[in-house]
$ cat final.cif   # mmCIF, C-alpha atoms
data_model
#
loop_
_atom_site.label_atom_id
_atom_site.label_comp_id
_atom_site.auth_asym_id
_atom_site.auth_seq_id
_atom_site.Cartn_x
_atom_site.Cartn_y
_atom_site.Cartn_z
CA MET A 26 149.00 57.96 99.06
CA THR A 27 147.44 59.19 102.27
CA ALA A 28 144.77 61.86 102.49
CA PRO A 29 146.27 65.36 102.34
CA SER A 30 146.21 67.00 105.75
CA GLY A 31 146.20 70.70 106.59
CA PRO A 32 143.52 73.14 105.42
CA ALA A 33 140.02 71.77 104.88
CA ARG A 34 138.98 71.16 101.30
CA VAL A 35 135.86 72.83 99.96
CA LEU A 36 133.69 71.65 97.07
CA GLU A 37 132.06 74.58 95.31
CA PRO A 38 129.93 74.93 92.18
CA LEU A 39 131.51 76.76 89.25
CA GLY A 40 129.73 79.46 87.25
CA GLU A 41 129.26 79.02 83.49
CA ARG A 42 132.02 81.50 82.65
CA ASP A 43 134.52 79.56 84.76
CA CYS A 44 133.33 76.30 83.22
CA TRP A 45 134.10 77.62 79.73
CA ALA A 46 137.50 78.94 80.79
CA HIS A 47 138.34 75.49 82.14
CA LEU A 48 137.04 73.74 79.01
CA GLU A 49 139.16 75.98 76.80
CA SER A 50 142.26 75.23 78.87
CA ARG A 51 142.20 71.52 78.03
CA SER A 52 142.46 69.49 74.85
CA ILE A 53 141.33 66.07 76.10
CA GLY A 54 137.91 65.24 77.52
CA ARG A 55 135.62 62.24 77.84
CA ILE A 56 132.47 61.65 75.89
CA ALA A 57 129.77 59.65 77.68
CA VAL A 58 126.71 58.11 76.08
CA ALA A 59 124.01 55.96 77.62
CA ARG A 60 123.43 52.47 76.26
CA PRO A 61 120.30 50.45 77.04
CA GLY A 62 121.02 47.63 79.51
CA LEU A 63 124.68 48.53 79.86
CA GLY A 64 126.63 51.12 81.77
CA PRO A 65 127.36 54.35 79.90
CA LEU A 66 130.18 54.27 77.38
CA VAL A 67 132.93 56.70 78.43
CA VAL A 68 135.80 57.33 76.04
CA PRO A 69 138.58 59.93 76.09
CA VAL A 70 138.69 62.13 73.00
CA SER A 71 140.74 65.03 71.77
CA PHE A 72 138.41 67.97 71.31
CA ALA A 73 138.21 71.56 70.14
CA VAL A 74 135.80 74.33 71.11
CA GLY A 75 133.99 75.54 67.97
CA ALA A 76 133.21 79.11 67.00
CA ASP A 77 129.65 78.83 68.32
CA ARG A 78 130.84 77.24 71.56
CA THR A 79 130.02 73.76 70.47
CA LEU A 80 132.39 70.92 71.30
CA LEU A 81 133.95 69.19 68.30
CA PHE A 82 135.71 65.89 68.00
CA ARG A 83 136.42 63.34 65.30
CA THR A 84 135.38 59.75 65.27
CA ALA A 85 135.15 56.69 63.07
CA PRO A 86 132.03 54.72 62.21
CA GLY A 87 131.07 52.35 65.03
CA THR A 88 129.39 51.97 68.40
CA LYS A 89 130.31 55.38 69.70
CA VAL A 90 128.69 57.19 66.82
CA ASP A 91 125.67 54.90 66.71
CA ALA A 92 125.00 55.53 70.37
CA LEU A 93 125.40 59.28 69.97
CA LEU A 94 122.87 59.37 67.19
CA VAL A 95 120.08 58.02 69.35
CA ASP A 96 120.74 59.65 72.68
CA ARG A 97 121.88 62.68 74.54
CA ALA A 98 125.54 62.84 75.34
CA SER A 99 127.69 64.30 78.08
CA PHE A 100 131.20 65.60 77.82
CA GLN A 101 133.40 65.70 80.90
CA VAL A 102 136.70 67.49 81.41
CA ASP A 103 138.70 67.69 84.60
CA GLU A 104 142.06 68.59 86.03
CA LEU A 105 142.99 66.94 89.29
CA ASP A 106 145.99 67.62 91.49
CA LEU A 107 146.66 64.31 93.19
CA LEU A 108 149.29 65.78 95.48
CA HIS A 109 147.14 68.49 97.02
CA GLY A 110 143.73 66.92 96.64
CA THR A 111 142.40 69.84 94.63
CA GLY A 112 140.99 70.23 91.15
CA TRP A 113 137.93 70.87 89.08
CA SER A 114 135.49 68.97 86.88
CA VAL A 115 133.13 70.33 84.22
CA LEU A 116 130.20 68.42 82.74
CA VAL A 117 128.59 69.52 79.48
CA GLU A 118 125.27 67.91 78.63
CA GLY A 119 123.93 68.35 75.16
CA THR A 120 122.73 66.98 71.88
CA ALA A 121 125.14 65.46 69.42
CA GLU A 122 125.12 65.66 65.67
CA VAL A 123 127.36 63.54 63.51
CA ARG A 124 128.38 64.45 59.97
CA TRP A 125 131.22 63.92 57.54
CA ALA A 126 134.16 66.08 58.49
CA ASP A 127 135.12 68.85 56.09
CA PRO A 128 138.70 70.10 55.66
CA ALA A 129 137.47 73.51 56.83
CA ASP A 130 136.30 72.12 60.18
CA PRO A 131 138.49 72.81 63.20
CA ARG A 132 140.54 69.71 63.87
CA PRO A 133 141.32 68.67 67.44
CA ASP A 134 145.06 68.42 68.00
CA TRP A 135 145.27 64.70 68.34
CA ALA A 136 142.65 63.61 65.84
CA PRO A 137 144.14 61.42 63.12
CA ALA A 138 143.20 62.70 59.69
CA ASP A 139 141.60 59.38 58.78
CA LEU A 140 138.70 59.77 61.21
CA PRO A 141 135.96 60.72 58.78
CA PHE A 142 133.15 61.78 61.13
CA LEU A 143 132.85 65.04 62.99
CA VAL A 144 130.74 65.00 66.16
CA GLU A 145 129.40 68.36 67.24
CA LEU A 146 127.95 68.54 70.73
CA THR A 147 125.66 71.50 71.31
CA PRO A 148 125.57 72.26 75.03
CA VAL A 149 122.22 72.31 76.76
CA ARG A 150 123.56 72.55 80.29
CA ILE A 151 127.02 73.18 81.69
CA THR A 152 127.86 72.52 85.30
CA GLY A 153 131.10 72.32 87.17
CA ARG A 154 132.60 72.14 90.57
CA GLU A 155 135.90 72.99 92.10
CA LEU A 156 137.61 71.27 94.97
CA ARG A 157 139.95 73.74 96.60
CA LEU A 158 141.82 74.24 99.82
CA ASP A 159 140.03 76.38 102.35
CA LEU A 160 142.87 78.66 103.36
CA VAL A 161 140.67 80.66 105.70
CA ASP A 162 140.15 78.74 108.90
CA THR A 163 136.43 78.77 109.48
CA ASP A 164 136.54 76.49 112.50
CA PRO A 165 135.03 78.50 115.40
CA ARG A 166 137.45 76.72 117.71
CA GLY A 167 140.33 77.83 115.48
CA TYR A 168 143.44 79.07 117.24
CA ARG A 169 145.53 80.47 114.43
CA MET B 30 149.46 72.22 70.97
CA THR B 31 150.06 70.69 67.58
CA ALA B 32 149.68 67.01 66.79
CA PRO B 33 152.75 65.02 67.81
CA SER B 34 154.78 64.03 64.79
CA GLY B 35 157.18 61.10 64.41
CA PRO B 36 156.22 57.45 64.84
CA ALA B 37 152.64 56.48 64.06
CA ARG B 38 150.32 55.99 67.02
CA VAL B 39 148.49 52.72 67.43
CA LEU B 40 145.24 52.12 69.31
CA GLU B 41 145.15 48.60 70.76
CA PRO B 42 142.74 46.76 73.04
CA LEU B 43 144.03 45.86 76.52
CA GLY B 44 143.59 42.43 78.09
CA GLU B 45 141.80 42.13 81.42
CA ARG B 46 145.03 41.63 83.38
CA ASP B 47 146.46 44.87 82.00
CA CYS B 48 143.19 46.65 82.70
CA TRP B 49 143.40 45.65 86.39
CA ALA B 50 147.06 46.66 86.62
CA HIS B 51 146.14 50.09 85.26
CA LEU B 52 143.15 50.41 87.59
CA GLU B 53 145.31 49.59 90.59
CA SER B 54 147.88 52.20 89.56
CA ARG B 55 145.43 55.09 89.94
CA SER B 56 143.43 56.56 92.80
CA ILE B 57 141.01 58.80 90.90
CA GLY B 58 138.43 57.65 88.38
CA ARG B 59 135.09 58.78 87.04
CA ILE B 60 131.74 57.24 87.79
CA ALA B 61 129.14 57.49 85.02
CA VAL B 62 125.43 56.79 85.39
CA ALA B 63 122.66 57.14 82.83
CA ARG B 64 119.78 59.49 83.55
CA PRO B 65 116.51 59.40 81.59
CA GLY B 66 116.21 62.36 79.22
CA LEU B 67 119.58 63.79 80.16
CA GLY B 68 123.17 63.03 79.26
CA PRO B 69 124.98 60.62 81.59
CA LEU B 70 126.25 62.04 84.86
CA VAL B 71 130.05 61.77 85.02
CA VAL B 72 131.79 62.67 88.27
CA PRO B 73 135.40 62.18 89.39
CA VAL B 74 135.76 60.14 92.55
CA SER B 75 138.58 58.83 94.67
CA PHE B 76 138.39 55.06 94.65
CA ALA B 77 139.92 51.91 96.06
CA VAL B 78 140.02 48.38 94.69
CA GLY B 79 138.37 46.03 97.19
CA ALA B 80 139.53 42.58 98.22
CA ASP B 81 137.11 40.91 95.81
CA ARG B 82 138.14 43.22 92.97
CA THR B 83 135.16 45.45 93.38
CA LEU B 84 135.57 49.21 93.06
CA LEU B 85 134.79 51.18 96.20
CA PHE B 86 134.09 54.85 96.69
CA ARG B 87 132.31 57.03 99.21
CA THR B 88 129.44 59.33 98.51
CA ALA B 89 126.81 61.44 100.20
CA PRO B 90 123.03 61.10 99.78
CA GLY B 91 121.87 62.79 96.57
CA THR B 92 121.46 62.49 92.83
CA LYS B 93 124.54 60.39 92.26
CA VAL B 94 123.46 57.67 94.64
CA ASP B 95 119.81 57.80 93.54
CA ALA B 96 120.85 57.27 89.95
CA LEU B 97 123.18 54.43 90.85
CA LEU B 98 120.43 52.61 92.65
CA VAL B 99 118.24 52.35 89.57
CA ASP B 100 120.76 51.76 86.83
CA ARG B 101 123.95 50.15 85.78
CA ALA B 102 127.05 52.23 86.21
CA SER B 103 130.38 52.57 84.48
CA PHE B 104 133.69 53.51 85.99
CA GLN B 105 136.37 55.02 83.79
CA VAL B 106 140.05 55.53 84.56
CA ASP B 107 142.70 56.87 82.23
CA GLU B 108 146.20 58.22 82.07
CA LEU B 109 146.99 60.45 79.12
CA ASP B 110 150.34 61.86 78.11
CA LEU B 111 149.49 65.11 76.37
CA LEU B 112 153.04 65.68 75.23
CA HIS B 113 153.50 62.41 73.39
CA GLY B 114 149.91 61.67 72.45
CA THR B 115 149.95 58.33 74.23
CA GLY B 116 147.99 56.81 77.09
CA TRP B 117 145.39 54.32 78.11
CA SER B 118 141.76 54.21 79.19
CA VAL B 119 139.92 51.47 81.08
CA LEU B 120 136.14 51.17 81.33
CA VAL B 121 134.52 49.00 83.98
CA GLU B 122 130.82 48.30 83.56
CA GLY B 123 128.96 46.82 86.45
CA THR B 124 126.22 46.88 88.98
CA ALA B 125 126.37 49.23 91.93
CA GLU B 126 125.27 48.66 95.49
CA VAL B 127 125.04 51.44 98.01
CA ARG B 128 125.22 50.93 101.75
CA TRP B 129 126.25 52.72 104.91
CA ALA B 130 130.01 52.77 105.18
CA ASP B 131 131.59 50.82 108.01
CA PRO B 132 134.88 51.82 109.69
CA ALA B 133 136.27 48.47 108.55
CA ASP B 134 135.66 49.29 104.88
CA PRO B 135 138.66 50.33 102.83
CA ARG B 136 138.60 54.10 102.53
CA PRO B 137 139.72 55.76 99.31
CA ASP B 138 142.56 58.19 99.96
CA TRP B 139 140.68 61.37 99.30
CA ALA B 140 137.30 60.49 100.71
CA PRO B 141 136.27 62.83 103.53
CA ALA B 142 135.23 60.85 106.60
CA ASP B 143 131.82 62.52 106.58
CA LEU B 144 130.65 60.81 103.40
CA PRO B 145 128.37 58.18 104.91
CA PHE B 146 127.63 55.96 101.91
CA LEU B 147 129.87 53.35 100.40
CA VAL B 148 129.27 52.50 96.75
CA GLU B 149 130.55 49.12 95.66
CA LEU B 150 130.68 48.52 91.93
CA THR B 151 130.84 44.85 90.96
CA PRO B 152 132.41 44.58 87.51
CA VAL B 153 130.48 42.77 84.80
CA ARG B 154 132.75 43.75 81.93
CA ILE B 155 136.18 45.37 81.80
CA THR B 156 137.58 46.78 78.59
CA GLY B 157 140.49 49.02 77.86
CA ARG B 158 142.61 50.38 75.12
CA GLU B 159 146.06 51.75 74.85
CA LEU B 160 147.28 54.44 72.51
CA ARG B 161 151.00 53.97 72.02
CA LEU B 162 153.75 54.99 69.68
CA ASP B 163 154.48 52.49 66.96
CA LEU B 164 158.25 52.40 67.31
CA VAL B 165 158.59 49.69 64.69
CA ASP B 166 158.27 51.25 61.29
CA THR B 167 155.71 49.12 59.49
CA ASP B 168 155.56 51.34 56.43
CA PRO B 169 156.61 49.09 53.50
CA ARG B 170 158.32 52.13 52.01
CA GLY B 171 160.29 52.54 55.24
CA TYR B 172 163.97 53.36 54.90
CA ARG B 173 165.32 52.91 58.40
#
$ encode --input "final.cif" --output "structure tokens"
Amino acid sequence: MTAPSGPARVLEPLGERDCWAHLESRSIGRIAVARPGLGPLVVPVSFAVGADRTLLFRTAPGTKVDALLVDRASFQVDELDLLHGTGWSVLVEGTAEVRWADPADPRPDWAPADLPFLVELTPVRITGRELRLDLVDTDPRGYR
Amino acid sequence: MTAPSGPARVLEPLGERDCWAHLESRSIGRIAVARPGLGPLVVPVSFAVGADRTLLFRTAPGTKVDALLVDRASFQVDELDLLHGTGWSVLVEGTAEVRWADPADPRPDWAPADLPFLVELTPVRITGRELRLDLVDTDPRGYR
């Protein structure tokens, strides 16, 4: 693929309201946790937005949960249009709690029922940015 | 969306050869760097695979580069089929070097020419997993 030509592309920060709207439009994101001496672990998960605007996903016992218990976590969601070179990305940073899942908990669409742990990420900071086409020609030499 | 029904889905580790084939099939990935006291920073980037099987992407001076210079980084690429609940994810962990980009460097498709820094991630470990449909019915009670 070659770089899209035509209008310039503009990278702009997203407000918190737009970040939430984007988060709620997707069902798959990526959880990222730091690990001492290694690069961060980044794993796609199916997630749901909880009633209190926490992010919920299921997991099994293992490295991912262990790491979450001792560190802050980030959750990243994006939607990228490869053809036009546009898209957005939202990053939620927060604190994660892990507990046994209850049948009353919201269940992300894809989560197999045999994943016994529920991870609840409480957002501390939400940031996002949008890459869009600049349809207004701002070049002072423009000759539209 | 409701959970896909039908054949069971199986999560399997990918060998290194398959991981590279998947990496080379995509042009957008996510760089993740740890930050002290915060969740990892995770940002989508357009990337290229270098001649020595390093991962190359452009960036501008700022937080992302600063963080890369002091820590290990991970690079994550995935392809997820929301309709069928299948897909794969590859995680490359490595060490990052940042230098001024040279016109002779491979340029990722989307990278604007005005991003002056080239980040080169040298893989230390590559892991991946594939979520696929189990088309062979392994249920001992199966009645195909």
$ atom_distance --input "final.cif" --atom1 "CA of Gly119 (chain A)" --atom2 "CA of Arg150 (chain A)"
6.6 Å
$ atom_distance --input "final.cif" --atom1 "CA of Leu63 (chain A)" --atom2 "CA of Glu108 (chain B)"
23.7 Å
$ closest_residue --input "final.cif" --among "A:Leu156, A:Ile53, A:Ala129, A:Ala121" --to "Val102 (chain A)" --atoms "all atoms listed in the file"
A:Ile53
$ residues_around --input "final.cif" --residues "Ile56 (chain A)" --least-positions-apart "5" --cutoff "9 Å" --atoms "only C-alpha atoms" --output "JSON, numbers by chain"
{"A": [66, 67, 68, 69, 70, 98, 99, 100, 101]}
$ write_last_selection --input "final.cif" --atoms "C-alpha atoms" --output "mmCIF file, keeping the file's coordinate frame"
data_model
loop_
_atom_site.group_PDB
_atom_site.id
_atom_site.type_symbol
_atom_site.label_atom_id
_atom_site.label_comp_id
_atom_site.auth_asym_id
_atom_site.auth_seq_id
_atom_site.Cartn_x
_atom_site.Cartn_y
_atom_site.Cartn_z
ATOM 1 C CA LEU A 66 130.180 54.270 77.380
ATOM 2 C CA VAL A 67 132.930 56.700 78.430
ATOM 3 C CA VAL A 68 135.800 57.330 76.040
ATOM 4 C CA PRO A 69 138.580 59.930 76.090
ATOM 5 C CA VAL A 70 138.690 62.130 73.000
ATOM 6 C CA ALA A 98 125.540 62.840 75.340
ATOM 7 C CA SER A 99 127.690 64.300 78.080
ATOM 8 C CA PHE A 100 131.200 65.600 77.820
ATOM 9 C CA GLN A 101 133.400 65.700 80.900
#
$ residues_around --input "final.cif" --residues "Ile151 (chain A)" --least-positions-apart "4" --cutoff "8 Å" --atoms "only C-alpha atoms" --output "list in words"
Glu41, Cys44, Val115, Leu116, Val117 and Glu118 of chain A
$ resolve_selection --input "final.cif" --expression "the PyMOL selection byres ((chain A and resi 73-83) around 7)" --output "number ranges by chain"
A: 49, 52, 70-72, 84, 132-133, 136, 140, 142-148
$ resolve_selection --input "final.cif" --expression "the PyMOL selection byres ((chain B and resi 42) around 8)" --output "list in words"
Leu40, Glu41, Leu43, Gly44, Thr156, Gly157, Arg158 and Glu159 of chain B
$ atom_distance --input "final.cif" --atom1 "CA of Gly110 (chain A)" --atom2 "CA of Arg128 (chain B)"
25.0 Å
$ closest_residue --input "final.cif" --among "B:Arg101, B:Arg46, B:Arg64, B:Arg161" --to "chain A" --atoms "all atoms listed in the file"
B:Arg101
$ residues_near_point --input "final.cif" --point "(149.0, 65.8, 76.1)" --cutoff "9 Å" --atoms "all atoms listed in the file" --output "VMD selection string"
(chain A and resid 52 to 53 135) or (chain B and resid 30 109 to 115)
$ closest_residue --input "final.cif" --among "B:Val94, B:Val153, B:Ala50, B:Ala89" --to "chain A" --atoms "only C-alpha atoms"
B:Val153
$ closest_residue --input "final.cif" --among "A:Gly62, A:Ser50, A:Trp45, A:Trp125" --to "chain B" --atoms "all atoms listed in the file"
A:Gly62
$ closest_residue --input "final.cif" --among "A:Asp43, A:Val35, A:Trp113, A:Pro141" --to "Ala126 (chain A)" --atoms "only C-alpha atoms"
A:Pro141
$ closest_residue --input "final.cif" --among "B:Pro90, B:Pro69, B:Asp134, B:Gly116" --to "chain A" --atoms "all atoms listed in the file"
B:Pro69
$ decode --input "final.cif" --residues "region 51-79 of chain A" --atoms "N, CA and C atoms" --output "CSV table (one decimal), in the first residue's frame"
chain,number,residue,atom,x,y,z
A,51,ARG,N,-17.2,-0.2,20.3
A,51,ARG,CA,-16.4,-1.4,20.0
A,51,ARG,C,-16.6,-2.5,21.1
A,52,SER,N,-16.3,-3.7,20.7
A,52,SER,CA,-16.4,-4.8,21.7
A,52,SER,C,-15.1,-5.5,21.9
A,53,ILE,N,-14.0,-5.1,21.2
A,53,ILE,CA,-12.7,-5.7,21.4
A,53,ILE,C,-11.7,-4.6,21.7
A,54,GLY,N,-10.9,-4.8,22.7
A,54,GLY,CA,-9.8,-3.8,23.0
A,54,GLY,C,-8.6,-4.6,23.4
A,55,ARG,N,-7.6,-3.9,23.9
A,55,ARG,CA,-6.3,-4.5,24.2
A,55,ARG,C,-5.9,-4.0,25.6
A,56,ILE,N,-5.7,-5.0,26.5
A,56,ILE,CA,-5.2,-4.7,27.8
A,56,ILE,C,-3.7,-4.7,27.8
A,57,ALA,N,-3.1,-3.7,28.5
A,57,ALA,CA,-1.6,-3.6,28.5
A,57,ALA,C,-1.2,-3.5,30.0
A,58,VAL,N,-0.2,-4.3,30.4
A,58,VAL,CA,0.3,-4.3,31.7
A,58,VAL,C,1.8,-4.3,31.7
A,59,ALA,N,2.4,-3.5,32.5
A,59,ALA,CA,3.9,-3.5,32.6
A,59,ALA,C,4.4,-4.7,33.3
A,60,ARG,N,5.6,-5.2,32.9
A,60,ARG,CA,6.2,-6.3,33.6
A,60,ARG,C,7.7,-5.9,33.7
A,61,PRO,N,8.2,-6.1,35.0
A,61,PRO,CA,9.6,-5.7,35.2
A,61,PRO,C,10.6,-6.4,34.3
A,62,GLY,N,11.4,-5.7,33.6
A,62,GLY,CA,12.5,-6.3,32.8
A,62,GLY,C,12.0,-6.8,31.5
A,63,LEU,N,10.8,-6.7,31.2
A,63,LEU,CA,10.2,-7.1,29.9
A,63,LEU,C,9.4,-6.0,29.3
A,64,GLY,N,9.1,-6.1,28.0
A,64,GLY,CA,8.2,-5.2,27.4
A,64,GLY,C,6.8,-5.4,28.0
A,65,PRO,N,5.9,-4.4,27.9
A,65,PRO,CA,4.5,-4.6,28.4
A,65,PRO,C,3.9,-5.7,27.7
A,66,LEU,N,3.0,-6.4,28.5
A,66,LEU,CA,2.2,-7.5,27.9
A,66,LEU,C,0.9,-6.8,27.3
A,67,VAL,N,0.6,-7.1,26.0
A,67,VAL,CA,-0.5,-6.5,25.4
A,67,VAL,C,-1.4,-7.6,24.8
A,68,VAL,N,-2.6,-7.7,25.2
A,68,VAL,CA,-3.4,-8.9,24.8
A,68,VAL,C,-4.8,-8.4,24.4
A,69,PRO,N,-5.3,-8.8,23.2
A,69,PRO,CA,-6.7,-8.4,22.9
A,69,PRO,C,-7.7,-9.1,23.8
A,70,VAL,N,-8.7,-8.4,24.2
A,70,VAL,CA,-9.8,-9.0,25.0
A,70,VAL,C,-11.1,-8.4,24.6
A,71,SER,N,-12.2,-9.2,24.7
A,71,SER,CA,-13.5,-8.8,24.5
A,71,SER,C,-14.0,-8.1,25.8
A,72,PHE,N,-14.5,-6.9,25.7
A,72,PHE,CA,-14.9,-6.2,26.9
A,72,PHE,C,-16.3,-5.6,26.9
A,73,ALA,N,-16.7,-5.2,28.0
A,73,ALA,CA,-18.0,-4.5,28.2
A,73,ALA,C,-17.8,-3.3,29.0
A,74,VAL,N,-18.6,-2.2,28.8
A,74,VAL,CA,-18.6,-1.0,29.6
A,74,VAL,C,-19.6,-1.3,30.7
A,75,GLY,N,-19.1,-1.2,32.0
A,75,GLY,CA,-20.0,-1.4,33.1
A,75,GLY,C,-20.9,-0.2,33.4
A,76,ALA,N,-21.8,-0.4,34.4
A,76,ALA,CA,-22.8,0.6,34.7
A,76,ALA,C,-22.1,1.9,35.2
A,77,ASP,N,-21.0,1.7,36.0
A,77,ASP,CA,-20.3,2.8,36.5
A,77,ASP,C,-19.2,3.3,35.6
A,78,ARG,N,-19.3,3.0,34.3
A,78,ARG,CA,-18.2,3.3,33.4
A,78,ARG,C,-16.9,2.8,33.8
A,79,THR,N,-16.9,1.5,34.3
A,79,THR,CA,-15.7,0.8,34.4
A,79,THR,C,-15.6,-0.1,33.1
